[in-house]
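Okay, structure first, notes after.
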Amino acid sequence: MSFEEAQQHLDDAEQVLTEDPLNYYALLSKANSLRILGEYEDSVSSYRMAIEVMTEPSANPYLGLSATYLQLQQPEESLLVCDEAISTFPKNSDLWFNKGVAHSDLNQMSNAYECFDNSSDFCENHDAEVYYQRGKTLQNSKVYDMALESFEKALEIDGSLVKALIGKAVVFNERQEYESSLENLNQALDLHNEDFLMGLLILKADVLFNIGSYNESIECCKMAAELNETNAAPHITIGNCFVALGDLENAISEFDMVIDMNNDTSAIYYKGRAYLHFEMLNDAISCFEKVIEDQESDLVADATWYMGNAYELLGRAEEAEQLYTNAKLIDPNCGDCA
């Protein structure tokens with residue numbers, strides 16, 4: 001459902017609820033629409049009301065409520081909802097799946113695997129799209145083996161499902177199995193699906209970068225850039241390739257191109273990383289400071305960490321240590337792979 005459709009459903013539900021505030025179907029429609037629109041707290045309230053007023057048992061409001069708690073990053077609440085619903089609907093595949101995601105988010109992996117196994121056992125809809133969506137969720141939860149199994153099942157049903165091949169490629173890339181990732185990307189490219197071409201080229205460029213094939217990565221990025229000149233990703237990867245090739249001038253040129261187009265924070269961040277790589281430390285610090293000013297950026301922790309690197313190289317150990325501490329406060333995993 002698109003945002004426009006969700007808004008229309010929400011408006012329709014609100015109209016019904018003005019005359020019948022306890023209408024179960026309107027409350028459920030309102031909750032579903034609010035969740036799609038990202039209004040999660042209000043969505044929770046509507047799901048709760050729907051559960052209170054429903055006269056016939058249904059798993060639907062529990063499914064929506066448990067999924068909303070996952071989106072709110074409240075897996076404990078999601079587990080409580082799933083357990084309550086599973087007591088009534090013990091063979092509902094989707095409830096077991098949501099419960100598995102909640103356990104995964106809590107890093108309770110043995111419980112998560114058990115739930116995912118139950119979900120598969122109870123799954124009645126053997127549709128390629130269903131398996132793809134399961135694989136995508138498992139991939140996001142870093143349950144890679146089961147994600148691959150789901151993508152494989154999707155491809156057994158529909159061998160031309162490009163996004164399932166992309167899903168496999170992403171998993172292999174994240175597991176640093178780069179040759180397998182490239183194999184799946186090339187299979188996907190051979191299907192000539194224009195809707196996915198841009199993303200495939202960018203992902204292939206990233207994998208080629210990871211294995212050190214920098215010139216090939218640049219060629220992929222150039223093809224991607226021809227499809228959409230305003231997309232930042234190809235230019236950033238090209239810039240990173242030039243850094244790896246020791247060509248600072250061309251690297252900065254690529255990053256500046258993106259910054260001039262849309263002041264992209266990630267381009268400023270990687271520009272800082274480039275300066276740091278070539279030990280142009282004050283220039284690097286200036287870039288990282290600009291990234292940190294954008295508190296909505298998901299690169300604030302990394303920028304703080306690498307600014308600490310720059311201060312350390314400048315011999316300002318105390319300031320560097322404070323920056324490392326600040327970075328860890330923002331993201332405890334920051335710097336682990338630096």
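The way I read the labels, and the way they are meant: chains A, B, ... in the order of the structure tokens, residue 1 as the first residue of every chain, and ligand 1 as the first ligand shown, with later ones counted on from there.
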Applying 6 Å and only C-alpha atoms, which residues near range 79-89 of chain A remain after dropping the ones on its own chain fewer than 3 positions away? List them as a ChimeraX atom specification. /A:66,76,92,95,99
Save the residues we just selected, N, CA and C atoms, as a CSV table (one decimal), in the first residue's frame?
```csv
chain,number,residue,atom,x,y,z
A,66,SER,N,2.2,-6.3,16.9
A,66,SER,CA,3.5,-6.9,17.1
A,66,SER,C,4.5,-6.3,16.1
A,76,GLU,N,10.6,-6.5,23.3
A,76,GLU,CA,9.9,-7.1,24.4
A,76,GLU,C,8.4,-7.0,24.4
A,92,ASN,N,-0.3,-19.9,13.5
A,92,ASN,CA,-0.2,-18.8,12.6
A,92,ASN,C,1.2,-18.5,12.3
A,95,LEU,N,2.6,-14.9,13.0
A,95,LEU,CA,2.9,-14.6,14.4
A,95,LEU,C,4.2,-15.2,14.9
A,99,LYS,N,7.5,-13.1,16.1
A,99,LYS,CA,8.2,-13.5,17.4
A,99,LYS,C,9.6,-13.8,17.2
```
May I have the residues within 12 Å of Met109 in chain A as an MDAnalysis selection string, using only C-alpha atoms and disregarding those fewer than 4 positions away in the same chain? chainID A and resid 99:105 113:116 138 141:144 146
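Across A:Tyr25, A:Phe196, A:Tyr269, A:Tyr69, the tightest approach to Ile285 in chain A is made by A:Tyr269 when counting only C-alpha atoms.
Close contacts of range 121-125 of chain A, defined as residues with an atom at most 6 Å away when counting only C-alpha atoms, with chain neighbours fewer than 3 positions off set aside, comprise Lys91, Ser93 and Asn118 of chain A.
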Tell me, as a ChimeraX atom specification, which residues lie within 10 Å of Gly38 in chain A, counting only C-alpha atoms; anything in the same chain fewer than 2 positions away does not count. /A:3,33-36,40-43,68,71-72
Which neighbours of Asp302 in chain A fall inside 12 Å, counting only C-alpha atoms, when residues of the same chain fewer than 6 positions from it are skipped, and could you give them as a list in words? Ser266, Tyr269, Tyr270, Gly272, Arg273, Phe288, Glu289, Val291, Ile292, Gly308, Asn309, Leu323, Tyr324, Thr325, Asn326, Ala327, Lys328, Leu329, Ile330, Asp331, Pro332, Asn333, Cys334, Gly335, Asp336, Cys337 and Ala338 of chain A
Which residues of range 150-267 of chain A come within 12 Å of range 296-301 of chain A, and what is each one's closest atom pair and distance in Å (one decimal), counting only C-alpha atoms, sorted by chain and residue number, as JSON lines?
```
{"residue": "A:Asp264", "atom": "CA", "partner": "A:Ser297", "partner_atom": "CA", "distance": 10.0}
{"residue": "A:Thr265", "atom": "CA", "partner": "A:Ser297", "partner_atom": "CA", "distance": 7.2}
{"residue": "A:Ser266", "atom": "CA", "partner": "A:Leu299", "partner_atom": "CA", "distance": 7.3}
{"residue": "A:Ala267", "atom": "CA", "partner": "A:Leu299", "partner_atom": "CA", "distance": 10.7}
```
